[in-house]
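Source file: run.cif. Holds: mmCIF, C-alpha atoms and all ligand atoms.
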```
data_target
#
loop_
_atom_site.label_atom_id
_atom_site.label_comp_id
_atom_site.auth_asym_id
_atom_site.auth_seq_id
_atom_site.Cartn_x
_atom_site.Cartn_y
_atom_site.Cartn_z
CA MET A 1098 11.79 -7.98 -22.55
CA GLN A 1099 11.96 -4.19 -22.32
CA PHE A 1100 9.85 -2.18 -19.86
CA ASN A 1101 9.33 1.52 -19.11
CA LEU A 1102 8.98 2.48 -15.48
CA ALA A 1103 8.50 5.85 -13.79
CA VAL A 1104 10.50 6.26 -10.59
CA LEU A 1105 9.50 8.96 -8.09
CA PRO A 1106 11.85 8.90 -5.08
CA GLY A 1107 10.11 11.80 -3.27
CA ASP A 1108 11.16 13.04 0.17
CA GLY A 1109 12.78 11.94 3.41
CA VAL A 1110 13.91 8.34 3.26
CA GLY A 1111 12.20 7.92 -0.14
CA PRO A 1112 15.38 8.32 -2.24
CA GLU A 1113 17.31 5.87 -0.01
CA VAL A 1114 14.79 3.05 -0.15
CA ILE A 1115 14.21 3.64 -3.87
CA ALA A 1116 17.95 3.29 -4.54
CA GLU A 1117 17.92 -0.17 -2.94
CA ALA A 1118 14.75 -1.20 -4.76
CA VAL A 1119 16.31 -0.16 -8.08
CA LYS A 1120 19.40 -2.20 -7.20
CA VAL A 1121 17.21 -5.27 -6.76
CA LEU A 1122 15.24 -4.49 -9.92
CA GLN A 1123 18.46 -4.31 -11.91
CA ALA A 1124 19.59 -7.63 -10.46
CA VAL A 1125 16.29 -9.10 -11.71
CA GLY A 1126 16.97 -7.55 -15.13
CA ARG A 1127 20.39 -9.16 -15.37
CA ARG A 1128 19.26 -12.55 -14.12
CA PHE A 1129 16.18 -12.84 -16.34
CA GLY A 1130 17.36 -10.81 -19.32
CA HIS A 1131 14.94 -7.88 -18.98
CA GLY A 1132 15.71 -4.23 -19.65
CA PHE A 1133 14.14 -1.59 -17.42
CA ASP A 1134 14.08 1.93 -18.80
CA LEU A 1135 13.77 4.06 -15.64
CA ARG A 1136 12.48 7.62 -15.89
CA TYR A 1137 12.87 9.76 -12.78
CA GLY A 1138 10.61 12.64 -11.79
CA PRO A 1139 9.86 14.87 -8.78
CA VAL A 1140 6.78 14.61 -6.56
CA GLY A 1141 5.96 15.88 -3.06
CA GLY A 1142 8.18 18.31 -1.16
CA VAL A 1143 11.05 18.19 -3.66
CA ALA A 1144 8.59 19.04 -6.41
CA ILE A 1145 7.17 21.95 -4.40
CA ASP A 1146 10.71 23.30 -3.96
CA GLN A 1147 11.50 22.91 -7.66
CA THR A 1148 8.21 23.98 -9.26
CA GLY A 1149 5.77 25.18 -6.60
CA GLU A 1150 3.52 22.20 -7.31
CA ALA A 1151 3.32 18.90 -5.42
CA LEU A 1152 2.65 17.03 -8.66
CA PRO A 1153 4.11 18.85 -11.68
CA GLY A 1154 2.28 18.21 -14.94
CA ASP A 1155 5.45 16.74 -16.45
CA THR A 1156 5.69 14.12 -13.73
CA LEU A 1157 2.07 13.06 -14.24
CA LYS A 1158 2.57 12.88 -18.01
CA MET A 1159 5.71 10.83 -17.61
CA CYS A 1160 3.85 8.37 -15.36
CA GLN A 1161 1.05 8.08 -17.92
CA GLY A 1162 3.63 7.09 -20.55
CA CYS A 1163 5.02 4.22 -18.46
CA GLN A 1164 3.84 0.71 -17.61
CA ALA A 1165 4.07 1.28 -13.85
CA VAL A 1166 5.24 3.77 -11.24
CA LEU A 1167 7.60 3.11 -8.35
CA LEU A 1168 7.23 5.69 -5.57
CA GLY A 1169 9.31 6.31 -2.44
CA ALA A 1170 7.48 8.61 -0.02
CA VAL A 1171 6.41 12.22 0.29
CA GLY A 1172 6.29 14.75 3.12
CA GLY A 1173 8.42 16.34 5.83
CA PRO A 1174 8.45 19.08 8.47
CA LYS A 1175 9.72 21.64 5.95
CA TRP A 1176 6.35 21.56 4.18
CA ASP A 1177 4.09 20.89 7.20
CA ASP A 1178 2.67 24.37 7.86
CA PRO A 1179 -1.12 23.78 7.92
CA ALA A 1180 -1.66 27.25 6.42
CA ALA A 1181 0.54 26.48 3.38
CA LYS A 1182 -1.28 26.47 0.03
CA VAL A 1183 0.19 23.19 -1.05
CA HIS A 1184 1.42 20.12 0.83
CA PRO A 1185 3.55 17.18 -0.37
CA GLU A 1186 0.64 14.80 0.36
CA ASP A 1187 -1.39 16.65 -2.30
CA GLY A 1188 1.06 15.21 -4.83
CA LEU A 1189 0.34 11.67 -3.71
CA LEU A 1190 -3.43 12.22 -3.77
CA ALA A 1191 -3.18 13.85 -7.22
CA LEU A 1192 -1.23 10.84 -8.51
CA ARG A 1193 -3.86 8.45 -7.17
CA LYS A 1194 -6.68 10.46 -8.70
CA GLY A 1195 -4.85 11.45 -11.89
CA LEU A 1196 -3.84 7.87 -12.64
CA ALA A 1197 -7.26 6.48 -11.57
CA LEU A 1198 -5.66 4.14 -9.03
CA PHE A 1199 -8.80 3.15 -7.18
CA ALA A 1200 -7.61 -0.16 -5.70
CA ASN A 1201 -4.95 -0.14 -3.02
CA LEU A 1202 -3.62 -3.60 -2.13
CA ARG A 1203 -1.76 -3.91 1.15
CA PRO A 1204 -0.69 -7.44 1.98
CA VAL A 1205 0.34 -8.27 5.55
CA ARG A 1206 2.31 -11.46 5.88
CA VAL A 1207 4.05 -12.41 9.10
CA LEU A 1208 7.24 -14.16 8.10
CA PRO A 1209 8.01 -16.99 10.54
CA MET A 1210 11.46 -15.62 11.45
CA LEU A 1211 9.93 -12.24 12.38
CA ALA A 1212 7.02 -13.50 14.50
CA ASP A 1213 8.96 -12.56 17.66
CA SER A 1214 9.98 -9.11 16.37
CA THR A 1215 6.54 -7.64 17.00
CA ASN A 1216 5.08 -5.99 20.10
CA LEU A 1217 2.34 -8.60 20.05
CA LYS A 1218 2.54 -12.16 21.27
CA PRO A 1219 4.30 -14.37 18.68
CA GLU A 1220 1.62 -17.05 19.06
CA VAL A 1221 -1.04 -14.51 18.09
CA VAL A 1222 0.63 -13.15 14.96
CA ARG A 1223 2.29 -16.33 13.69
CA GLY A 1224 0.74 -17.50 10.43
CA THR A 1225 -0.93 -14.17 9.61
CA ASP A 1226 -1.41 -13.84 5.86
CA LEU A 1227 -4.02 -11.28 4.94
CA ILE A 1228 -4.47 -8.61 2.33
CA PHE A 1229 -6.30 -5.32 2.53
CA VAL A 1230 -8.09 -3.91 -0.47
CA ARG A 1231 -8.51 -0.22 0.31
CA GLU A 1232 -10.64 2.05 -1.87
CA LEU A 1233 -8.27 4.86 -2.85
CA THR A 1234 -9.95 7.58 -4.92
CA GLY A 1235 -13.21 8.29 -3.10
CA GLY A 1236 -14.74 8.86 0.31
CA LEU A 1237 -13.51 11.44 2.82
CA TYR A 1238 -10.27 12.00 0.92
CA PHE A 1239 -11.88 13.28 -2.27
CA ALA A 1240 -15.65 13.79 -2.10
CA ARG A 1241 -17.00 17.35 -2.08
CA PRO A 1242 -17.78 19.54 -0.22
CA LYS A 1243 -14.38 19.66 1.41
CA ARG A 1244 -13.47 23.00 2.91
CA GLN A 1245 -12.92 25.31 5.88
CA TRP A 1246 -14.78 28.55 6.35
CA ARG A 1247 -15.55 31.30 8.85
CA THR A 1248 -18.96 32.04 10.33
CA SER A 1249 -20.11 34.66 12.84
CA ARG A 1250 -19.86 31.92 15.51
CA GLY A 1251 -16.39 30.74 14.62
CA ARG A 1252 -14.62 28.55 12.10
CA ARG A 1253 -16.12 25.42 10.59
CA ALA A 1254 -14.80 22.67 8.38
CA THR A 1255 -16.24 19.75 6.49
CA ASP A 1256 -15.21 16.62 4.62
CA THR A 1257 -17.69 14.38 2.87
CA MET A 1258 -18.09 10.62 2.79
CA THR A 1259 -19.83 9.96 -0.52
CA TYR A 1260 -19.74 6.73 -2.51
CA SER A 1261 -21.51 5.81 -5.71
CA GLU A 1262 -22.58 2.24 -6.29
CA GLN A 1263 -20.16 2.05 -9.22
CA GLU A 1264 -17.24 3.03 -6.99
CA ILE A 1265 -18.24 0.42 -4.42
CA GLU A 1266 -18.87 -2.28 -6.98
CA ARG A 1267 -15.48 -2.07 -8.69
CA ILE A 1268 -13.51 -2.14 -5.43
CA VAL A 1269 -15.55 -4.97 -3.91
CA ARG A 1270 -14.97 -6.89 -7.14
CA VAL A 1271 -11.21 -6.56 -6.62
CA GLY A 1272 -11.72 -8.10 -3.18
CA PHE A 1273 -13.63 -11.04 -4.60
CA GLU A 1274 -11.14 -11.63 -7.41
CA LEU A 1275 -8.24 -11.71 -4.96
CA ALA A 1276 -10.13 -13.94 -2.53
CA ARG A 1277 -10.67 -16.38 -5.38
CA THR A 1278 -6.91 -16.79 -5.78
CA ARG A 1279 -6.44 -17.26 -2.03
CA ARG A 1280 -8.49 -18.85 0.78
CA LYS A 1281 -11.83 -17.69 -0.64
CA LYS A 1282 -12.88 -15.59 2.29
CA LEU A 1283 -13.75 -11.89 1.96
CA THR A 1284 -14.44 -9.56 4.88
CA SER A 1285 -16.16 -6.34 3.87
CA VAL A 1286 -15.51 -3.71 6.52
CA ASP A 1287 -18.01 -0.89 7.08
CA LYS A 1288 -19.89 1.11 9.70
CA ALA A 1289 -23.37 0.18 8.53
CA ASN A 1290 -24.85 0.59 12.00
CA VAL A 1291 -24.33 4.36 11.67
CA LEU A 1292 -23.35 5.54 8.18
CA GLN A 1293 -25.55 5.69 5.08
CA SER A 1294 -22.52 5.31 2.84
CA SER A 1295 -21.75 2.06 4.67
CA ARG A 1296 -25.32 0.79 4.25
CA LEU A 1297 -25.00 1.26 0.51
CA TRP A 1298 -21.56 -0.37 0.66
CA ARG A 1299 -23.02 -3.43 2.36
CA GLN A 1300 -25.92 -3.73 -0.09
CA VAL A 1301 -23.63 -3.50 -3.09
CA ALA A 1302 -21.21 -6.04 -1.57
CA ILE A 1303 -24.10 -8.49 -1.21
CA GLU A 1304 -25.12 -7.90 -4.83
CA VAL A 1305 -21.58 -8.39 -6.17
CA ALA A 1306 -21.33 -11.60 -4.11
CA GLN A 1307 -23.95 -13.18 -6.39
CA GLY A 1308 -21.25 -13.48 -9.04
CA TYR A 1309 -18.83 -15.20 -6.65
CA PRO A 1310 -20.64 -18.16 -5.08
CA ASP A 1311 -17.27 -19.82 -4.42
CA VAL A 1312 -16.17 -17.00 -2.06
CA GLU A 1313 -17.53 -16.61 1.47
CA LEU A 1314 -18.53 -12.99 2.15
CA GLU A 1315 -18.72 -11.63 5.67
CA HIS A 1316 -19.48 -8.09 6.90
CA MET A 1317 -17.65 -6.61 9.85
CA LEU A 1318 -18.01 -3.24 11.53
CA VAL A 1319 -14.82 -1.22 11.39
CA ASP A 1320 -14.45 -0.87 15.15
CA ALA A 1321 -14.87 -4.60 15.67
CA CYS A 1322 -12.41 -5.20 12.86
CA ALA A 1323 -9.79 -2.99 14.55
CA MET A 1324 -10.10 -5.17 17.61
CA ARG A 1325 -10.17 -8.51 15.81
CA LEU A 1326 -7.06 -7.62 13.82
CA ILE A 1327 -4.84 -7.71 16.87
CA GLN A 1328 -6.86 -10.27 18.78
CA ASN A 1329 -6.93 -12.93 16.07
CA PRO A 1330 -5.24 -11.79 12.84
CA THR A 1331 -5.05 -15.27 11.32
CA TYR A 1332 -8.85 -15.12 11.13
CA PHE A 1333 -8.62 -12.89 8.04
CA ASP A 1334 -7.92 -13.60 4.39
CA VAL A 1335 -9.00 -10.65 2.19
CA LEU A 1336 -10.50 -7.45 3.62
CA VAL A 1337 -12.15 -4.77 1.51
CA THR A 1338 -12.98 -1.32 2.83
CA GLU A 1339 -13.41 2.36 2.06
CA ASN A 1340 -10.54 4.84 1.88
CA MET A 1341 -10.28 6.26 5.41
CA PHE A 1342 -11.09 3.02 7.23
CA GLY A 1343 -8.42 1.36 5.10
CA ASP A 1344 -5.87 4.04 5.88
CA ILE A 1345 -6.29 3.52 9.61
CA LEU A 1346 -6.63 -0.27 9.66
CA THR A 1347 -3.57 -0.83 7.47
CA ASP A 1348 -1.30 1.13 9.80
CA GLU A 1349 -2.63 -0.98 12.64
CA ALA A 1350 -2.16 -4.19 10.65
CA SER A 1351 1.42 -3.27 9.77
CA MET A 1352 2.34 -3.85 13.41
CA LEU A 1353 1.51 -7.52 12.99
CA ALA A 1354 4.42 -7.88 10.59
CA GLY A 1355 6.84 -6.38 13.11
CA SER A 1356 7.39 -3.05 11.38
CA MET A 1357 5.92 -0.73 8.81
CA GLY A 1358 9.26 -1.18 7.11
CA MET A 1359 8.13 -4.61 5.94
CA LEU A 1360 4.91 -3.65 4.15
CA PRO A 1361 4.64 -3.04 0.42
CA SER A 1362 1.62 -1.75 -1.44
CA ALA A 1363 0.15 -1.63 -4.91
CA SER A 1364 -2.34 0.94 -6.16
CA LEU A 1365 -4.08 -0.37 -9.26
CA SER A 1366 -6.32 1.07 -11.94
CA GLY A 1367 -8.15 -2.18 -12.59
CA VAL A 1368 -9.12 -5.60 -11.30
CA PRO A 1369 -6.13 -7.93 -10.96
CA GLN A 1370 -6.70 -11.18 -12.80
CA GLU A 1371 -4.35 -13.83 -14.02
CA ASP A 1372 -2.77 -13.06 -17.39
CA THR A 1373 -3.72 -9.40 -17.31
CA ARG A 1374 -1.28 -6.56 -16.73
CA ILE A 1375 -2.67 -3.57 -14.90
CA PHE A 1376 -1.20 -0.13 -14.68
CA GLY A 1377 -0.24 0.60 -11.10
CA MET A 1378 1.83 2.57 -8.64
CA TYR A 1379 3.91 0.77 -6.04
CA GLU A 1380 5.21 2.16 -2.77
CA PRO A 1381 6.14 1.22 0.78
CA ILE A 1382 3.41 2.11 3.28
CA HIS A 1383 5.84 3.67 5.79
CA GLY A 1384 6.02 7.25 4.58
CA SER A 1385 8.99 9.62 4.47
CA ALA A 1386 10.28 9.25 8.07
CA PRO A 1387 12.20 12.55 7.83
CA ARG A 1388 13.98 12.09 11.18
CA ARG A 1389 15.66 8.98 9.85
CA ALA A 1390 16.55 10.34 6.44
CA GLY A 1391 20.18 10.26 5.32
CA MET A 1392 21.24 7.92 8.12
CA ASP A 1393 21.45 4.69 6.13
CA MET A 1394 19.29 3.00 8.74
CA VAL A 1395 15.74 2.49 7.43
CA ASN A 1396 14.44 -0.80 6.20
CA PRO A 1397 14.29 -0.97 2.37
CA ILE A 1398 12.33 -4.26 2.37
CA ALA A 1399 8.89 -2.64 2.01
CA THR A 1400 10.04 -0.91 -1.17
CA ILE A 1401 11.83 -4.01 -2.46
CA LEU A 1402 8.66 -6.05 -1.90
CA SER A 1403 6.75 -3.28 -3.71
CA VAL A 1404 8.98 -3.95 -6.73
CA ALA A 1405 7.91 -7.60 -6.51
CA MET A 1406 4.26 -6.51 -6.61
CA LEU A 1407 5.03 -4.25 -9.59
CA LEU A 1408 6.55 -7.15 -11.51
CA ARG A 1409 3.59 -9.38 -10.68
CA TYR A 1410 0.64 -7.06 -11.36
CA SER A 1411 1.88 -4.56 -13.95
CA LEU A 1412 4.47 -6.54 -15.92
CA GLY A 1413 3.11 -10.08 -15.63
CA LEU A 1414 6.44 -11.38 -14.27
CA ALA A 1415 5.30 -13.71 -11.48
CA THR A 1416 8.47 -15.82 -11.38
CA GLU A 1417 10.64 -12.74 -11.07
CA ALA A 1418 8.37 -11.40 -8.30
CA ARG A 1419 8.64 -14.67 -6.41
CA THR A 1420 12.42 -14.55 -6.79
CA ILE A 1421 12.57 -11.20 -4.98
CA GLU A 1422 10.26 -12.37 -2.21
CA HIS A 1423 12.33 -15.48 -1.77
CA ALA A 1424 15.57 -13.45 -1.65
CA VAL A 1425 14.09 -11.26 1.13
CA GLU A 1426 13.10 -14.32 3.13
CA GLN A 1427 16.54 -15.89 2.72
CA VAL A 1428 18.39 -12.79 3.92
CA LEU A 1429 16.12 -12.58 6.98
CA GLU A 1430 16.51 -16.30 7.55
CA GLU A 1431 20.26 -15.79 7.68
CA GLY A 1432 19.75 -13.32 10.54
CA CYS A 1433 20.26 -9.90 8.94
CA ARG A 1434 18.04 -7.16 10.35
CA THR A 1435 17.62 -3.42 10.01
CA TYR A 1436 17.11 -1.54 13.29
CA ASP A 1437 13.29 -1.70 13.15
CA ILE A 1438 13.20 -5.51 13.21
CA MET A 1439 16.40 -6.06 15.17
CA ASN A 1440 16.39 -8.80 17.78
CA GLU A 1441 18.91 -10.38 20.10
CA GLY A 1442 21.47 -12.57 18.39
CA LYS A 1443 20.81 -11.09 14.93
CA THR A 1444 23.13 -9.07 12.71
CA LYS A 1445 22.26 -5.39 12.38
CA VAL A 1446 22.64 -3.95 8.89
CA GLY A 1447 21.96 -0.58 7.27
CA THR A 1448 19.76 0.32 4.35
CA LYS A 1449 22.43 -0.15 1.67
CA GLN A 1450 23.76 -3.40 3.05
CA MET A 1451 20.25 -4.84 3.22
CA GLY A 1452 19.74 -3.87 -0.43
CA ASP A 1453 23.08 -5.40 -1.43
CA LEU A 1454 22.32 -8.66 0.37
CA ILE A 1455 18.91 -9.04 -1.26
CA ALA A 1456 20.22 -8.10 -4.72
CA ALA A 1457 22.98 -10.70 -4.31
CA LYS A 1458 20.42 -13.40 -3.47
CA VAL A 1459 18.41 -12.47 -6.56
CA GLY A 1460 21.62 -13.10 -8.47
CA GLY A 1461 22.20 -11.82 -11.94
C1 LIG B 1501 -1.12 6.21 3.19
C2 LIG B 1501 -0.73 7.56 3.75
C3 LIG B 1501 -1.43 8.62 2.93
C4 LIG B 1501 -2.92 8.41 3.07
C5 LIG B 1501 -1.04 10.05 3.31
C6 LIG B 1501 0.46 10.28 3.22
C7 LIG B 1501 -1.79 11.07 2.49
O1 LIG B 1501 -1.05 7.63 5.09
O2 LIG B 1501 -0.81 5.95 2.01
O3 LIG B 1501 -1.70 5.41 3.92
O4 LIG B 1501 -3.52 8.90 4.04
O5 LIG B 1501 -3.50 7.75 2.22
MG MG B 1502 -1.81 5.82 5.90
#
```
Please lay out the structure from this file as structure tokens.
Amino acid sequence: MQFNLAVLPGDGVGPEVIAEAVKVLQAVGRRFGHGFDLRYGPVGGVAIDQTGEALPGDTLKMCQGCQAVLLGAVGGPKWDDPAAKVHPEDGLLALRKGLALFANLRPVRVLPMLADSTNLKPEVVRGTDLIFVRELTGGLYFARPKRQWRTSRGRRATDTMTYSEQEIERIVRVGFELARTRRKKLTSVDKANVLQSSRLWRQVAIEVAQGYPDVELEHMLVDACAMRLIQNPTYFDVLVTENMFGDILTDEASMLAGSMGMLPSASLSGVPQEDTRIFGMYEPIHGSAPRRAGMDMVNPIATILSVAMLLRYSLGLATEARTIEHAVEQVLEEGCRTYDIMNEGKTKVGTKQMGDLIAAKVGG
């Protein structure tokens, strides 16, 4: 089969990890007889340098004409001046909003051979297999008012946490649908003891639960959740939460897997269900890591696993997705490690070599 994909390498280590992910994608193409038509475009800092905009209209249009988007990372010190008119991160937020990607899936799986690569006790993290469903186009990131201004008594600033019941309903539904395909347990994370937006969130979650009697719904306050995640991560199956809470909790949860370099993500414009293909954008959660750029050292696995998610959710290629995941596990099983997951007695490899090894396991 023939597929059109938009590829946005972005800044920092983005281009390096994307190169390895494309290598693996092409191996999948050869092995399974698929053709991937890849269209490259600028976003983030590189786009600001080229066009003055973090998300040029042409890049957005190109993405809209494709079946899915593969993104590296955006940002870097060159564009960090808080007084600047435009920041690379604006490009990412504009992609999320412009492509209506309201559901951000961030799976955290502790692979058995990496359980002792984390800062936490191996016996605590072993067996962790959870997935975050983070709301991605609302809340503090997008709701208005959102501004800074001057008053006679000094400067002030505001961001707004607003949610409509429709926004809550569709994201909670994603949580329930995913839970149905897994261990049938959904934790809805909020701050309903303080926030009105969270009280509405909780009410809507309870209403949506009526349609999913086979899934157990539980509510957890975000602060308690932050604690429980490192105290007893195997407790969780699917977690659903609003944008900012999800941003913070998923960085925390990435430490369970040993490194941010291991965690893929999918941002979807619909509810994932079997036999449906949803438009989505796929990216590692680790960001642009500018200090490590150009050194052939970062871990490309998060981006390679993001390709697996792309194949599964946007192209309906579950077997191909599984093949990539299996190839990653085999290479780790054989003892190859990038610096971030390196351990005694293992073989240290660079970004390119890791990509080559995984592509070779995929075959093709
Ligand atoms: C993430 C990142 C982004 C976010 C930044 C880069 C804007 O931290 O994807 O988690 O806050 O959503
Ligand atoms: Mg984040």
Practice task
Identify, counting all atoms listed in the file, the protein, DNA and RNA residues located within 6 Å of ligand LIG 1501 (chain B), and give them as an MDAnalysis selection string.
Solution key: chainID A and resid 1186 1344 1382
Using all atoms of range 1256-1261 of chain A that appear in the file, construct an axis-aligned enclosing box with 5 Å of padding on every side and provide its centre coordinates and edge lengths in Å, rounded to one decimal, as lines of an AutoDock Vina configuration file.
```
center_x = -18.4
center_y = 11.2
center_z = -0.5
size_x = 16.3
size_y = 20.8
size_z = 20.3
```
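Using only C-alpha atoms and all ligand atoms, the shortest contact distance between ligand MG 1502 (chain B) and any of A:Ala1124, A:Met1359, A:Leu1346, A:Val1119 is found at A:Leu1346.
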Exercise for the section: Find the residues near Phe1239 in chain A: any atom within 10 Å, counting only C-alpha atoms, skip ones fewer than 5 places away on the same chain, and give them as a list of chain:residue names. Expected result: A:Leu1190, A:Lys1194, A:Leu1233, A:Thr1234, A:Asp1256, A:Thr1257, A:Met1258, A:Thr1259, A:Asn1340
Problem - Selection: 8 Å around Ala1191 in chain A, only C-alpha atoms, excl. self and same-chain fewer than 4 positions, as a list of chain:residue names - result: A:Leu1152, A:Asp1187, A:Gly1195
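Each of A:Gln1147, A:Ala1354, A:Thr1284, A:Glu1315 was compared to Arg1206 in chain A using all atoms listed in the file, and A:Ala1354 turns out to be the nearest.
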Taking all atoms listed in the file into account, produce a table as a tab-separated table in which each residue of chain A with an atom at most 12 Å from an atom of ligand MG 1502 (chain B) appears once, together with its shortest atom pair and the distance in Å to one decimal, ordered by chain and rising number.
```
residue	atom	partner	partner_atom	distance
A:Ala1170	CA	B:MG1502	MG	11.4
A:Val1171	CA	B:MG1502	MG	11.8
A:Glu1186	CA	B:MG1502	MG	10.8
A:Leu1189	CA	B:MG1502	MG	11.5
A:Leu1190	CA	B:MG1502	MG	11.7
A:Asn1201	CA	B:MG1502	MG	11.2
A:Arg1203	CA	B:MG1502	MG	10.8
A:Arg1231	CA	B:MG1502	MG	10.6
A:Leu1233	CA	B:MG1502	MG	10.9
A:Tyr1238	CA	B:MG1502	MG	11.6
A:Asn1340	CA	B:MG1502	MG	9.7
A:Met1341	CA	B:MG1502	MG	8.5
A:Phe1342	CA	B:MG1502	MG	9.8
A:Gly1343	CA	B:MG1502	MG	8.0
A:Asp1344	CA	B:MG1502	MG	4.4
A:Ile1345	CA	B:MG1502	MG	6.3
A:Leu1346	CA	B:MG1502	MG	8.6
A:Thr1347	CA	B:MG1502	MG	7.1
A:Asp1348	CA	B:MG1502	MG	6.1
A:Glu1349	CA	B:MG1502	MG	9.6
A:Ala1350	CA	B:MG1502	MG	11.1
A:Ser1351	CA	B:MG1502	MG	10.4
A:Met1357	CA	B:MG1502	MG	10.5
A:Leu1360	CA	B:MG1502	MG	11.7
A:Ser1362	CA	B:MG1502	MG	11.1
A:Glu1380	CA	B:MG1502	MG	11.7
A:Pro1381	CA	B:MG1502	MG	10.5
A:Ile1382	CA	B:MG1502	MG	6.9
A:His1383	CA	B:MG1502	MG	7.9
A:Gly1384	CA	B:MG1502	MG	8.1
A:Ser1385	CA	B:MG1502	MG	11.5
```
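With all atoms listed in the file as the atoms that count, the minimum distance from Ser1285 in chain A to the choices A:Glu1220, A:Glu1262, A:Asp1134, A:Asp1334 is reached by A:Asp1334.
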Exercise for the section: Determine, counting only C-alpha atoms, which protein, DNA and RNA residues have an atom within 10 Å of an atom of Gly1442 in chain A; residues of the same chain fewer than 2 positions away are not included. Present the result as a count of residues only. Expected result: 6
Practice task
Within 10 Å of Gln1300 in chain A, counting only C-alpha atoms, which residues show up once you throw out same-chain ones fewer than 4 positions away? Write them as number ranges by chain, please.
Solution key: A: 1262, 1265-1266, 1289, 1295-1296, 1304-1306
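With CA of Gly1109 in chain A on one side and CA of Val1404 in chain A on the other, the separation reads 19.2 Å.
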Completion exercise
Counting only C-alpha atoms, the residue among A:Asp1146, A:Asp1108, A:Asp1213, A:Asp1226 that lies closest to Gly1172 in chain A is A:Asp1108
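Shell of range 1253-1255 of chain A at 9 Å, with all atoms listed in the file counted and residues fewer than 6 places along the chain excluded, is A:Arg1241, A:Pro1242, A:Lys1243, A:Arg1244, A:Gln1245, A:Trp1246, A:Arg1247.
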With C-alpha atoms retained, write the just-selected residues as a compact mmCIF listing (two decimals), keeping the file's coordinate frame.
```txt
# COMPACT_ATOMS: atom_id res chain seq x y z
CA ARG A 1241 -17.00 17.35 -2.08
CA PRO A 1242 -17.78 19.54 -0.22
CA LYS A 1243 -14.38 19.66 1.41
CA ARG A 1244 -13.47 23.00 2.91
CA GLN A 1245 -12.92 25.31 5.88
CA TRP A 1246 -14.78 28.55 6.35
CA ARG A 1247 -15.55 31.30 8.85
```
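Residue nearest Leu1122 in chain A, chosen from A:Ser1403, A:Ser1411, A:Ser1249, A:Ser1364 and counting all atoms listed in the file: A:Ser1403.
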